[in-house]
$ cat data.txt   # compact mmCIF, C-alpha atoms
# COMPACT_ATOMS: atom_id res chain seq x y z
CA MET R 29 17.94 -19.19 3.44
CA THR R 30 15.98 -22.47 3.64
CA MET R 31 12.44 -22.06 2.31
CA LEU R 32 9.50 -24.44 1.98
CA SER R 33 8.33 -25.37 -1.51
CA ALA R 34 4.55 -25.68 -1.61
CA ARG R 35 4.77 -27.77 -4.76
CA GLN R 36 7.35 -30.18 -3.33
CA LEU R 37 5.50 -30.52 -0.03
CA ALA R 38 2.34 -31.47 -1.92
CA LYS R 39 4.25 -34.07 -3.96
CA ASP R 40 5.81 -35.57 -0.82
CA ILE R 41 2.44 -35.71 0.94
CA GLU R 42 0.72 -37.25 -2.09
CA SER R 43 3.41 -39.92 -2.39
CA ARG R 44 3.29 -40.48 1.41
CA ILE R 45 6.92 -39.56 1.91
CA LEU R 46 5.53 -36.99 4.33
CA SER R 47 2.25 -36.87 6.23
CA PRO R 48 0.16 -33.69 6.58
CA ASP R 49 0.58 -33.62 10.36
CA VAL R 50 4.37 -33.92 10.09
CA SER R 51 4.38 -31.10 7.53
CA VAL R 52 2.47 -28.88 9.96
CA ARG R 53 4.72 -29.86 12.89
CA CYS R 54 7.77 -28.90 10.82
CA SER R 55 6.18 -25.50 10.21
CA ILE R 56 5.49 -25.10 13.93
CA ALA R 57 9.13 -25.93 14.67
CA ALA R 58 10.38 -23.40 12.12
CA ILE R 59 8.12 -20.70 13.57
CA ASN R 60 9.31 -21.49 17.11
CA GLN R 61 12.91 -21.26 15.94
CA GLN R 62 12.65 -18.10 13.81
CA GLU R 63 9.82 -16.00 15.23
CA GLU R 64 11.77 -14.38 18.05
CA MET R 65 14.09 -12.83 15.47
CA VAL R 66 11.71 -12.29 12.51
CA HIS R 67 8.43 -11.33 14.28
CA ALA R 68 6.33 -12.32 11.26
CA PHE R 69 3.13 -13.18 13.15
CA ARG R 70 0.51 -11.03 14.81
CA PHE R 71 -1.38 -14.11 16.03
CA ARG R 72 -0.54 -17.83 16.05
CA ARG R 73 -3.02 -20.68 16.31
CA SER R 74 -2.73 -23.32 19.02
CA GLU R 75 -0.98 -26.58 18.23
CA ASP R 76 -4.16 -28.59 18.91
CA SER R 77 -6.17 -26.56 16.40
CA LEU R 78 -3.40 -26.91 13.82
CA MET R 79 -3.25 -30.67 14.23
CA GLU R 80 -7.00 -30.86 13.75
CA ALA R 81 -6.76 -28.69 10.62
CA ALA R 82 -4.05 -30.99 9.23
CA LYS R 83 -6.72 -33.70 8.82
CA ALA R 84 -8.52 -31.77 6.06
CA PRO R 85 -8.22 -33.36 2.59
CA GLY R 86 -7.51 -31.61 -0.69
CA PRO R 87 -4.70 -30.66 -3.09
CA LEU R 88 -3.20 -28.36 -0.42
CA ALA R 89 -3.59 -30.87 2.45
CA GLY R 90 -0.98 -30.26 5.12
CA ILE R 91 0.47 -27.19 3.39
CA PRO R 92 1.08 -24.45 5.99
CA PHE R 93 0.17 -20.87 5.08
CA ALA R 94 -0.27 -17.45 6.64
CA ALA R 95 -2.74 -14.63 5.97
CA LYS R 96 -2.04 -10.94 6.37
CA ASP R 97 -3.75 -9.32 9.34
CA VAL R 98 -6.24 -7.54 7.06
CA PHE R 99 -7.91 -10.83 6.01
CA ASP R 100 -10.89 -11.79 8.15
CA THR R 101 -10.57 -15.19 9.84
CA ILE R 102 -13.25 -16.97 11.84
CA ASP R 103 -10.86 -18.55 14.35
CA CYS R 104 -8.11 -15.91 14.61
CA PRO R 105 -8.40 -12.28 15.72
CA THR R 106 -8.06 -9.74 12.90
CA ALA R 107 -6.71 -6.36 13.96
CA TYR R 108 -6.01 -4.72 10.56
CA GLY R 109 -2.55 -3.74 11.75
CA THR R 110 -3.78 -1.42 14.49
CA ALA R 111 -4.41 -1.55 18.24
CA ILE R 112 -7.86 -0.05 17.57
CA TYR R 113 -9.05 -3.53 16.58
CA ASP R 114 -7.12 -5.61 19.11
CA GLY R 115 -9.16 -8.73 19.88
CA HIS R 116 -11.59 -8.16 17.01
CA GLN R 117 -13.04 -11.51 15.96
CA PRO R 118 -14.71 -11.70 12.51
CA ALA R 119 -17.70 -13.95 12.02
CA ARG R 120 -16.35 -15.58 8.85
CA ASP R 121 -13.23 -16.11 6.77
CA ALA R 122 -12.20 -13.88 3.90
CA ALA R 123 -13.16 -15.64 0.65
CA VAL R 124 -9.64 -16.60 -0.37
CA VAL R 125 -8.77 -17.88 3.12
CA ALA R 126 -11.91 -20.01 3.13
CA LEU R 127 -11.00 -21.35 -0.30
CA ALA R 128 -7.46 -22.28 0.79
CA ARG R 129 -8.83 -24.14 3.81
CA MET R 130 -11.39 -25.93 1.64
CA ARG R 131 -8.45 -27.17 -0.43
CA GLY R 132 -6.79 -28.55 2.72
CA ALA R 133 -4.23 -25.82 3.47
CA VAL R 134 -3.52 -25.15 7.16
CA LEU R 135 -3.66 -21.56 8.39
CA MET R 136 -0.78 -21.19 10.89
CA GLY R 137 -1.76 -17.70 11.97
CA LYS R 138 -2.11 -14.05 11.01
CA SER R 139 0.97 -12.28 9.67
CA VAL R 140 1.97 -8.74 10.59
CA ALA R 141 0.60 -5.88 8.46
CA THR R 142 1.26 -2.17 8.58
CA GLU R 143 -1.49 0.06 10.00
CA PHE R 144 -4.52 -0.41 7.70
CA SER R 145 -2.08 -1.53 4.97
CA LEU R 146 -0.68 1.99 4.83
CA PHE R 147 2.05 3.21 7.17
CA GLY R 148 3.13 2.39 10.70
CA PRO R 149 5.55 -0.55 10.25
CA GLY R 150 5.11 -3.46 12.64
CA PRO R 151 7.89 -5.39 14.40
CA THR R 152 8.70 -7.69 11.46
CA ARG R 153 12.35 -7.90 10.40
CA ASN R 154 13.97 -8.99 7.18
CA PRO R 155 15.10 -12.64 7.52
CA TRP R 156 18.21 -11.90 5.44
CA ASN R 157 19.34 -9.17 7.85
CA PRO R 158 17.15 -8.22 10.84
CA ALA R 159 18.48 -4.67 10.79
CA HIS R 160 16.63 -4.08 7.51
CA THR R 161 12.94 -3.74 6.67
CA PRO R 162 11.11 -6.66 5.05
CA GLY R 163 9.01 -4.15 3.11
CA GLY R 164 5.33 -3.46 3.52
CA SER R 165 2.52 -3.47 3.91
CA SER R 166 2.47 -7.29 3.66
CA SER R 167 5.63 -7.47 5.76
CA GLY R 168 4.86 -10.55 7.85
CA SER R 169 3.51 -12.53 4.90
CA ALA R 170 6.72 -12.12 2.91
CA ALA R 171 9.04 -12.66 5.88
CA ALA R 172 7.22 -15.84 6.97
CA VAL R 173 7.82 -17.43 3.56
CA ALA R 174 11.42 -16.21 3.32
CA ALA R 175 12.21 -17.59 6.79
CA GLY R 176 10.79 -21.03 5.92
CA MET R 177 7.93 -20.74 8.41
CA VAL R 178 5.16 -21.34 5.85
CA ALA R 179 5.01 -22.56 2.26
CA PHE R 180 2.82 -19.73 0.98
CA SER R 181 1.00 -16.70 2.26
CA PHE R 182 -1.59 -14.13 1.28
CA GLY R 183 -0.96 -10.41 1.20
CA THR R 184 -2.49 -7.46 -0.58
CA GLN R 185 -1.33 -4.82 -3.03
CA THR R 186 -2.84 -1.39 -3.45
CA ALA R 187 0.43 0.30 -4.42
CA GLY R 188 3.39 -2.07 -3.95
CA SER R 189 2.56 -4.18 -0.93
CA THR R 190 3.17 -7.59 -2.53
CA ILE R 191 5.93 -7.02 -5.08
CA ARG R 192 8.14 -4.82 -2.89
CA PRO R 193 8.29 -7.11 0.19
CA ALA R 194 8.77 -10.13 -2.10
CA ALA R 195 11.76 -8.33 -3.64
CA PHE R 196 13.21 -7.30 -0.28
CA CYS R 197 12.82 -10.82 1.13
CA GLY R 198 14.13 -12.68 -1.94
CA ILE R 199 11.02 -14.72 -2.73
CA ALA R 200 8.42 -15.02 -5.48
CA GLY R 201 5.45 -12.71 -5.23
CA PHE R 202 2.48 -12.36 -7.54
CA LYS R 203 -0.13 -9.63 -7.87
CA PRO R 204 -2.76 -11.02 -10.24
CA SER R 205 -4.94 -9.03 -12.61
CA PHE R 206 -7.33 -6.81 -10.68
CA GLY R 207 -10.40 -8.73 -9.56
CA LEU R 208 -9.07 -12.20 -10.39
CA ILE R 209 -8.94 -13.22 -6.71
CA PRO R 210 -11.91 -12.06 -4.60
CA VAL R 211 -11.23 -9.38 -1.99
CA THR R 212 -14.38 -10.23 -0.01
CA GLY R 213 -13.49 -10.22 3.68
CA VAL R 214 -10.33 -8.14 3.21
CA LYS R 215 -10.22 -4.73 4.92
CA PRO R 216 -10.71 -2.20 2.08
CA LEU R 217 -8.24 0.61 1.44
CA ALA R 218 -8.86 1.75 -2.15
CA HIS R 219 -11.64 -0.17 -3.87
CA SER R 220 -10.44 0.38 -7.45
CA LEU R 221 -6.87 -0.74 -6.63
CA ASP R 222 -6.96 -3.36 -3.84
CA THR R 223 -5.74 -6.79 -5.01
CA VAL R 224 -4.97 -10.03 -3.17
CA GLY R 225 -1.36 -11.14 -3.62
CA VAL R 226 0.38 -14.50 -3.17
CA PHE R 227 3.87 -15.19 -1.80
CA ALA R 228 5.83 -18.44 -2.20
CA ALA R 229 9.42 -19.60 -2.47
CA LYS R 230 9.53 -19.85 -6.29
CA ILE R 231 7.30 -18.96 -9.23
CA PRO R 232 6.26 -22.62 -9.83
CA ASP R 233 5.10 -22.70 -6.20
CA VAL R 234 2.91 -19.66 -6.84
CA VAL R 235 1.48 -21.39 -9.92
CA PHE R 236 0.79 -24.54 -7.93
CA VAL R 237 -1.06 -22.67 -5.19
CA LEU R 238 -3.14 -20.66 -7.66
CA SER R 239 -3.99 -23.82 -9.60
CA ALA R 240 -5.08 -25.59 -6.41
CA LEU R 241 -7.23 -22.64 -5.41
CA SER R 242 -8.90 -22.43 -8.81
CA GLY R 243 -9.37 -26.16 -9.20
CA HIS R 244 -7.86 -26.03 -12.70
CA GLU R 245 -4.52 -27.69 -13.32
CA SER R 246 -1.95 -25.42 -14.94
CA ALA R 247 1.78 -25.26 -15.34
CA THR R 248 4.33 -22.70 -16.43
CA ASP R 249 6.09 -23.06 -19.74
CA ASP R 250 9.59 -21.77 -18.96
CA SER R 251 11.25 -23.40 -21.96
CA SER R 252 10.06 -21.04 -24.68
CA SER R 253 12.75 -19.34 -26.73
CA SER R 254 10.35 -16.83 -28.27
CA PHE R 255 9.36 -14.60 -25.36
CA ARG R 256 9.50 -10.92 -26.32
CA ILE R 257 10.46 -8.93 -23.23
CA GLY R 258 10.41 -5.15 -23.13
CA VAL R 259 12.91 -3.73 -20.65
CA CYS R 260 12.28 -0.43 -18.86
CA THR R 261 14.85 0.86 -16.37
CA GLY R 262 12.64 3.62 -14.99
CA TRP R 263 10.34 6.51 -15.77
CA LYS R 264 9.29 9.85 -14.33
CA GLY R 265 8.64 9.08 -10.67
CA ALA R 266 10.59 5.79 -10.65
CA SER R 267 14.39 5.81 -10.54
CA ALA R 268 16.56 2.78 -9.78
CA GLY R 269 19.91 2.69 -7.99
CA ASN R 270 23.08 1.09 -9.32
CA ASP R 271 22.52 -2.27 -7.62
CA ALA R 272 19.04 -2.64 -9.11
CA LEU R 273 20.22 -1.61 -12.57
CA GLU R 274 23.16 -4.01 -12.49
CA SER R 275 20.86 -6.86 -11.44
CA LEU R 276 18.51 -5.96 -14.28
CA GLU R 277 21.34 -6.00 -16.85
CA TRP R 278 22.48 -9.41 -15.61
CA ALA R 279 18.96 -10.71 -16.04
CA ILE R 280 18.75 -9.28 -19.57
CA CYS R 281 21.99 -11.00 -20.53
CA LEU R 282 20.89 -14.37 -19.15
CA ALA R 283 17.41 -14.09 -20.67
CA GLU R 284 18.96 -13.42 -24.09
CA GLN R 285 21.30 -16.39 -23.68
CA ALA R 286 18.23 -18.52 -22.90
CA GLY R 287 16.57 -17.37 -26.13
CA ALA R 288 14.40 -14.39 -25.20
CA HIS R 289 14.14 -11.41 -27.51
CA ILE R 290 14.85 -8.19 -25.60
CA VAL R 291 13.46 -4.79 -26.57
CA ARG R 292 14.39 -1.55 -24.78
CA LEU R 293 11.33 0.49 -23.84
CA LYS R 294 10.63 4.09 -22.92
CA LEU R 295 7.19 4.56 -21.47
CA PRO R 296 4.93 7.03 -23.28
CA ALA R 297 3.90 10.25 -21.59
CA THR R 298 0.39 8.90 -20.99
CA LEU R 299 1.79 6.29 -18.60
CA GLU R 300 4.10 8.72 -16.83
CA ILE R 301 1.14 11.02 -16.18
CA ALA R 302 -0.83 8.07 -14.82
CA HIS R 303 1.96 7.33 -12.32
CA ASP R 304 0.89 10.42 -10.35
CA ALA R 305 -2.81 9.61 -10.79
CA HIS R 306 -2.35 6.56 -8.56
CA ARG R 307 -1.70 8.70 -5.49
CA VAL R 308 -4.79 10.82 -6.11
CA ILE R 309 -7.08 7.81 -6.53
CA MET R 310 -5.65 5.98 -3.53
CA ALA R 311 -5.97 9.02 -1.26
CA PHE R 312 -9.55 9.79 -2.34
CA GLU R 313 -10.72 6.20 -1.87
CA ALA R 314 -8.81 5.61 1.38
CA VAL R 315 -10.55 8.57 3.05
CA ARG R 316 -13.88 6.91 2.34
CA ALA R 317 -12.77 3.38 3.22
CA LEU R 318 -11.40 4.55 6.59
CA SER R 319 -14.01 7.21 7.33
CA LEU R 320 -15.25 5.50 10.50
CA GLU R 321 -11.74 5.09 11.93
CA HIS R 322 -10.83 8.64 10.95
CA LYS R 323 -13.89 10.05 12.72
CA GLU R 324 -14.29 7.75 15.72
CA HIS R 325 -10.65 6.83 16.48
CA ARG R 326 -8.59 9.75 15.19
CA PRO R 327 -6.44 10.10 18.36
CA ARG R 328 -5.44 6.42 18.08
CA LEU R 329 -4.30 6.69 14.47
CA SER R 330 -0.61 7.29 13.81
CA HIS R 331 0.46 10.79 12.81
CA ARG R 332 1.27 9.61 9.28
CA ILE R 333 -2.17 8.05 8.81
CA ARG R 334 -3.91 11.17 10.13
CA SER R 335 -1.88 13.40 7.82
CA PHE R 336 -2.52 11.12 4.85
CA LEU R 337 -6.27 11.09 5.45
CA ASP R 338 -6.36 14.85 6.07
CA ARG R 339 -4.65 15.42 2.72
CA GLY R 340 -6.99 12.92 1.09
CA GLU R 341 -9.99 14.93 2.24
CA MET R 342 -8.66 17.83 0.15
CA VAL R 343 -8.91 15.80 -3.07
CA SER R 344 -12.00 16.98 -4.92
CA ILE R 345 -14.36 14.73 -6.84
CA GLU R 346 -13.28 16.55 -10.02
CA CYS R 347 -9.61 15.76 -9.31
CA TYR R 348 -10.47 12.13 -8.61
CA GLN R 349 -12.48 11.81 -11.82
CA ARG R 350 -9.62 13.38 -13.79
CA ALA R 351 -7.18 10.87 -12.30
CA GLN R 352 -9.51 7.99 -13.17
CA LYS R 353 -9.67 9.30 -16.76
CA GLN R 354 -5.85 9.36 -16.85
CA ALA R 355 -5.81 5.77 -15.59
CA SER R 356 -8.26 4.72 -18.29
CA ASP R 357 -6.15 6.42 -20.98
CA ALA R 358 -3.03 4.69 -19.64
CA ARG R 359 -4.70 1.26 -19.77
CA ARG R 360 -5.33 1.78 -23.48
CA ALA R 361 -1.78 2.99 -24.01
CA VAL R 362 -0.20 -0.01 -22.27
CA ALA R 363 -2.35 -2.34 -24.36
CA ASP R 364 -0.60 -0.87 -27.41
CA ILE R 365 2.80 -1.71 -25.88
CA PHE R 366 1.75 -5.32 -25.41
CA ARG R 367 1.10 -5.65 -29.13
CA ASP R 368 4.89 -5.72 -29.54
CA VAL R 369 6.06 -7.47 -26.35
CA ASP R 370 4.78 -10.34 -24.20
CA ALA R 371 5.89 -8.75 -20.93
CA ILE R 372 7.63 -5.72 -19.49
CA LEU R 373 10.64 -6.14 -17.20
CA THR R 374 11.69 -3.51 -14.65
CA PRO R 375 13.33 -3.44 -11.22
CA SER R 376 10.84 -4.33 -8.47
CA ALA R 377 12.19 -1.56 -6.23
CA PRO R 378 14.82 1.19 -6.43
CA GLY R 379 17.28 -1.06 -4.57
CA PRO R 380 17.57 -3.57 -1.72
CA ALA R 381 15.68 -3.29 1.56
CA PRO R 382 16.61 -0.05 3.34
CA LEU R 383 18.36 -0.12 6.71
CA GLY R 384 16.05 0.33 9.69
CA LEU R 385 12.45 -0.57 10.49
CA GLU R 386 10.91 2.90 10.53
CA HIS R 387 9.96 2.82 6.85
CA THR R 388 9.07 -0.03 4.51
CA GLY R 389 10.72 1.35 1.36
CA SER R 390 9.43 2.98 -1.80
CA SER R 391 6.62 1.64 -4.00
CA GLU R 392 7.56 3.91 -6.90
CA PHE R 393 8.21 0.99 -9.26
CA ASN R 394 4.87 -0.68 -8.41
CA GLN R 395 2.20 2.04 -8.26
CA LEU R 396 1.74 2.41 -12.01
CA TRP R 397 1.13 -1.30 -12.65
CA SER R 398 -1.29 -1.52 -9.73
CA LEU R 399 -3.20 1.39 -11.24
CA LEU R 400 -3.29 -0.35 -14.63
CA HIS R 401 -4.70 -3.56 -13.04
CA LEU R 402 -2.00 -5.72 -14.67
CA PRO R 403 -0.58 -9.06 -13.47
CA VAL R 404 2.88 -8.61 -11.93
CA ALA R 405 5.38 -11.19 -10.64
CA ASN R 406 8.53 -10.64 -8.61
CA VAL R 407 11.50 -12.81 -9.52
CA PRO R 408 14.50 -12.73 -7.17
CA GLY R 409 17.49 -11.27 -9.01
CA TYR R 410 21.17 -11.21 -8.18
CA PRO R 411 21.94 -9.92 -4.67
CA SER R 412 23.00 -6.35 -4.04
CA SER R 413 26.48 -5.26 -3.04
CA ASN R 414 25.51 -5.66 0.65
CA GLY R 415 24.25 -9.21 0.10
CA LEU R 416 20.52 -8.41 0.35
CA PRO R 417 18.06 -9.63 -2.28
CA LEU R 418 17.04 -7.60 -5.30
CA GLY R 419 13.87 -8.15 -7.28
CA LEU R 420 12.91 -8.12 -10.95
CA GLN R 421 9.34 -7.23 -11.87
CA VAL R 422 7.63 -9.05 -14.75
CA ILE R 423 4.48 -7.23 -15.92
CA GLY R 424 2.02 -8.84 -18.30
CA PRO R 425 -1.12 -7.80 -20.20
CA ILE R 426 -4.42 -7.67 -18.36
CA LEU R 427 -5.88 -11.14 -17.67
CA MET R 428 -2.83 -12.86 -19.17
CA ASP R 429 -1.79 -14.09 -15.73
CA GLN R 430 -0.72 -17.59 -16.77
CA ARG R 431 1.44 -16.24 -19.59
CA THR R 432 2.98 -13.68 -17.22
CA LEU R 433 3.85 -16.41 -14.73
CA SER R 434 5.37 -18.51 -17.54
CA ILE R 435 7.67 -15.62 -18.48
CA ALA R 436 8.54 -15.08 -14.82
CA ALA R 437 9.36 -18.81 -14.49
CA PHE R 438 11.49 -18.62 -17.64
CA LEU R 439 13.46 -15.71 -16.18
CA GLU R 440 13.77 -17.39 -12.77
CA SER R 441 15.08 -20.55 -14.44
CA ALA R 442 17.59 -18.57 -16.52
CA LEU R 443 18.91 -16.88 -13.36
CA ASP R 444 19.04 -20.17 -11.43
CA ARG R 445 21.11 -21.86 -14.15
CA LYS R 446 23.92 -19.30 -13.89
$ encode --input "data.txt" --output "structure tokens"
Amino acid sequence: MTMLSARQLAKDIESRILSPDVSVRCSIAAINQQEEMVHAFRFRRSEDSLMEAAKAPGPLAGIPFAAKDVFDTIDCPTAYGTAIYDGHQPARDAAVVALARMRGAVLMGKSVATEFSLFGPGPTRNPWNPAHTPGGSSSGSAAAVAAGMVAFSFGTQTAGSTIRPAAFCGIAGFKPSFGLIPVTGVKPLAHSLDTVGVFAAKIPDVVFVLSALSGHESATDDSSSSFRIGVCTGWKGASAGNDALESLEWAICLAEQAGAHIVRLKLPATLEIAHDAHRVIMAFEAVRALSLEHKEHRPRLSHRIRSFLDRGEMVSIECYQRAQKQASDARRAVADIFRDVDAILTPSAPGPAPLGLEHTGSSEFNQLWSLLHLPVANVPGYPSSNGLPLGLQVIGPILMDQRTLSIAAFLESALDRK
């Protein structure tokens, strides 16, 4: 799979090996070549508008990117993954999209999302094998990067919508600490969980994009021999298959050879209880976020969305408050774990991308960390027995995003050297 490196493109453009307009034309050509098979885009911008956008200066000048169809965009329709909003044209960009464009990045179009970032898979296929799902709900964003159509993309994660598709598509994905990237202009689903995620070919590409967006230069330190990594193979509610476990053991072996100190972890009961609290909180908040659609457009919602929202209406305020208390307790408990380790390593998903496009796979390995508001990076692991990608999930302490990315880069480098 040939992917675009955001970091390398920027270097080539800065050194004038490549011009911004040629970079964008190469992206257009890749989309024209791959889109019929992958179906990553809900809407594509015209070539004239893209060429005009390629003139913008900045550290991301000429770097092509995509935004999930739940991000508002002033010059592209935003349908939130549903026909209810076909042709809807926002009046402004989502904050992070506006920031990327201010830095010179070129929005190629809107990538496919599931219905309201919940269920209802779109037409997107996994670039590694089109018979398999690319994951969800940020399906198009992950597939567009994996297929070499764009150098980076924006998605969201409320449960597992960044890490899981990154794992299934064999790319780097990063869910930052909750609130680190503004969600202004992104269709809400669950206000205490929603997080903007970033996809790119490799972890250093993610770091480069985030640095350009923030305006502060940063780099990963993947050479440390003193990282303390706690390994967890699963917990109540999250069980990995043989392929995922074998990939994890390979990664442990290579990380140890590279100098990391490995500790085997069993999550405390407080965290296992919180795993179930995620579903309660998400359901309660989603009912309120989608109240207008549920009331005014119920017949046009998919059966799964209607059922989910109907069940969510049964969650009492007392049950929601109890779940939030469990989440708060779990955040204190995980802080204790990080006194002894720098990061936690688990599978990103129970296994490779499932066959078929009817479902986007399980988020059971992601829900807990989304609830705890922690930074999480997906590192592509060794492929499964059927040749599809497998992912490894690096979880760091709250607001230690740069350190988490450094550990992810260390692990990625260790795997690449083998």
$ atom_distance --input "data.txt" --atom1 "CA of Val134 in chain R" --atom2 "CA of Leu78 in chain R"
6.9 Å
$ residues_around --input "data.txt" --residues "Pro162 in chain R" --least-positions-apart "3" --cutoff "10 Å" --atoms "all atoms listed in the file" --output "PyMOL selection string"
chain R and resi 66+68+149+151-159+165-171+174+192-198+380-385+387-389
$ axis_aligned_box --input "data.txt" --around "range 338-355 of chain R" --padding-each-side "3 Å" --output "JSON"
{"center_x": -9.5, "center_y": 11.8, "center_z": -5.4, "size_x": 15.7, "size_y": 18.1, "size_z": 28.9}
$ atom_distance --input "data.txt" --atom1 "CA of Ser344 in chain R" --atom2 "CA of Thr190 in chain R"
29.0 Å
$ residues_near_point --input "data.txt" --point "(23.1, -20.3, -10.9)" --cutoff "12 Å" --atoms "all atoms listed in the file" --output "ChimeraX atom specification"
/R:278-279,282,409-410,439-446
$ write_last_selection --input "data.txt" --atoms "C-alpha atoms" --output "PDB file, keeping the file's coordinate frame"
ATOM      1  CA  TRP R 278      22.480  -9.410 -15.610  1.00  0.00           C
ATOM      2  CA  ALA R 279      18.960 -10.710 -16.040  1.00  0.00           C
ATOM      3  CA  LEU R 282      20.890 -14.370 -19.150  1.00  0.00           C
ATOM      4  CA  GLY R 409      17.490 -11.270  -9.010  1.00  0.00           C
ATOM      5  CA  TYR R 410      21.170 -11.210  -8.180  1.00  0.00           C
ATOM      6  CA  LEU R 439      13.460 -15.710 -16.180  1.00  0.00           C
ATOM      7  CA  GLU R 440      13.770 -17.390 -12.770  1.00  0.00           C
ATOM      8  CA  SER R 441      15.080 -20.550 -14.440  1.00  0.00           C
ATOM      9  CA  ALA R 442      17.590 -18.570 -16.520  1.00  0.00           C
ATOM     10  CA  LEU R 443      18.910 -16.880 -13.360  1.00  0.00           C
ATOM     11  CA  ASP R 444      19.040 -20.170 -11.430  1.00  0.00           C
ATOM     12  CA  ARG R 445      21.110 -21.860 -14.150  1.00  0.00           C
ATOM     13  CA  LYS R 446      23.920 -19.300 -13.890  1.00  0.00           C
TER      14      LYS R 446
END
$ residues_around --input "data.txt" --residues "Gly262 in chain R" --least-positions-apart "5" --cutoff "10 Å" --atoms "all atoms listed in the file" --output "count of residues only"
11
$ residues_around --input "data.txt" --residues "Asp121 in chain R" --least-positions-apart "2" --cutoff "9 Å" --atoms "all atoms listed in the file" --output "mmCIF file with C-alpha atoms, in the frame of the given file"
data_model
loop_
_atom_site.group_PDB
_atom_site.id
_atom_site.type_symbol
_atom_site.label_atom_id
_atom_site.label_comp_id
_atom_site.auth_asym_id
_atom_site.auth_seq_id
_atom_site.Cartn_x
_atom_site.Cartn_y
_atom_site.Cartn_z
ATOM 1 C CA PHE R 99 -7.910 -10.830 6.010
ATOM 2 C CA ASP R 100 -10.890 -11.790 8.150
ATOM 3 C CA THR R 101 -10.570 -15.190 9.840
ATOM 4 C CA ILE R 102 -13.250 -16.970 11.840
ATOM 5 C CA ASP R 103 -10.860 -18.550 14.350
ATOM 6 C CA PRO R 118 -14.710 -11.700 12.510
ATOM 7 C CA ALA R 119 -17.700 -13.950 12.020
ATOM 8 C CA ALA R 123 -13.160 -15.640 0.650
ATOM 9 C CA VAL R 124 -9.640 -16.600 -0.370
ATOM 10 C CA VAL R 125 -8.770 -17.880 3.120
ATOM 11 C CA ALA R 126 -11.910 -20.010 3.130
ATOM 12 C CA GLY R 213 -13.490 -10.220 3.680
#
$ residues_around --input "data.txt" --residues "Ala133 in chain R" --least-positions-apart "3" --cutoff "8 Å" --atoms "only C-alpha atoms" --output "list of chain:residue names"
R:Ala82, R:Ala84, R:Gly86, R:Leu88, R:Ala89, R:Gly90, R:Ile91, R:Pro92, R:Phe93, R:Ala128, R:Arg129, R:Met130
$ residues_around --input "data.txt" --residues "range 43-59 of chain R" --least-positions-apart "4" --cutoff "12 Å" --atoms "all atoms listed in the file" --output "CSV table (one decimal) with C-alpha atoms, in the coordinates of the input"
chain,number,residue,atom,x,y,z
R,30,THR,CA,16.0,-22.5,3.6
R,31,MET,CA,12.4,-22.1,2.3
R,32,LEU,CA,9.5,-24.4,2.0
R,33,SER,CA,8.3,-25.4,-1.5
R,34,ALA,CA,4.6,-25.7,-1.6
R,36,GLN,CA,7.4,-30.2,-3.3
R,37,LEU,CA,5.5,-30.5,0.0
R,38,ALA,CA,2.3,-31.5,-1.9
R,39,LYS,CA,4.2,-34.1,-4.0
R,63,GLU,CA,9.8,-16.0,15.2
R,64,GLU,CA,11.8,-14.4,18.0
R,65,MET,CA,14.1,-12.8,15.5
R,66,VAL,CA,11.7,-12.3,12.5
R,67,HIS,CA,8.4,-11.3,14.3
R,68,ALA,CA,6.3,-12.3,11.3
R,69,PHE,CA,3.1,-13.2,13.2
R,71,PHE,CA,-1.4,-14.1,16.0
R,72,ARG,CA,-0.5,-17.8,16.0
R,73,ARG,CA,-3.0,-20.7,16.3
R,74,SER,CA,-2.7,-23.3,19.0
R,75,GLU,CA,-1.0,-26.6,18.2
R,76,ASP,CA,-4.2,-28.6,18.9
R,77,SER,CA,-6.2,-26.6,16.4
R,78,LEU,CA,-3.4,-26.9,13.8
R,79,MET,CA,-3.2,-30.7,14.2
R,80,GLU,CA,-7.0,-30.9,13.8
R,81,ALA,CA,-6.8,-28.7,10.6
R,82,ALA,CA,-4.0,-31.0,9.2
R,83,LYS,CA,-6.7,-33.7,8.8
R,84,ALA,CA,-8.5,-31.8,6.1
R,85,PRO,CA,-8.2,-33.4,2.6
R,86,GLY,CA,-7.5,-31.6,-0.7
R,87,PRO,CA,-4.7,-30.7,-3.1
R,88,LEU,CA,-3.2,-28.4,-0.4
R,89,ALA,CA,-3.6,-30.9,2.4
R,90,GLY,CA,-1.0,-30.3,5.1
R,91,ILE,CA,0.5,-27.2,3.4
R,92,PRO,CA,1.1,-24.4,6.0
R,93,PHE,CA,0.2,-20.9,5.1
R,94,ALA,CA,-0.3,-17.4,6.6
R,132,GLY,CA,-6.8,-28.6,2.7
R,133,ALA,CA,-4.2,-25.8,3.5
R,134,VAL,CA,-3.5,-25.2,7.2
R,135,LEU,CA,-3.7,-21.6,8.4
R,136,MET,CA,-0.8,-21.2,10.9
R,137,GLY,CA,-1.8,-17.7,12.0
R,139,SER,CA,1.0,-12.3,9.7
R,171,ALA,CA,9.0,-12.7,5.9
R,172,ALA,CA,7.2,-15.8,7.0
R,173,VAL,CA,7.8,-17.4,3.6
R,174,ALA,CA,11.4,-16.2,3.3
R,175,ALA,CA,12.2,-17.6,6.8
R,176,GLY,CA,10.8,-21.0,5.9
R,177,MET,CA,7.9,-20.7,8.4
R,178,VAL,CA,5.2,-21.3,5.8
R,179,ALA,CA,5.0,-22.6,2.3
R,180,PHE,CA,2.8,-19.7,1.0
$ closest_residue --input "data.txt" --among "R:Asn406, R:Ser189, R:Gln61, R:Thr298" --to "Ala358 in chain R" --atoms "all atoms listed in the file"
R:Thr298
$ closest_residue --input "data.txt" --among "R:Ala266, R:Val211, R:Val308, R:Leu221" --to "Met342 in chain R" --atoms "only C-alpha atoms"
R:Val308
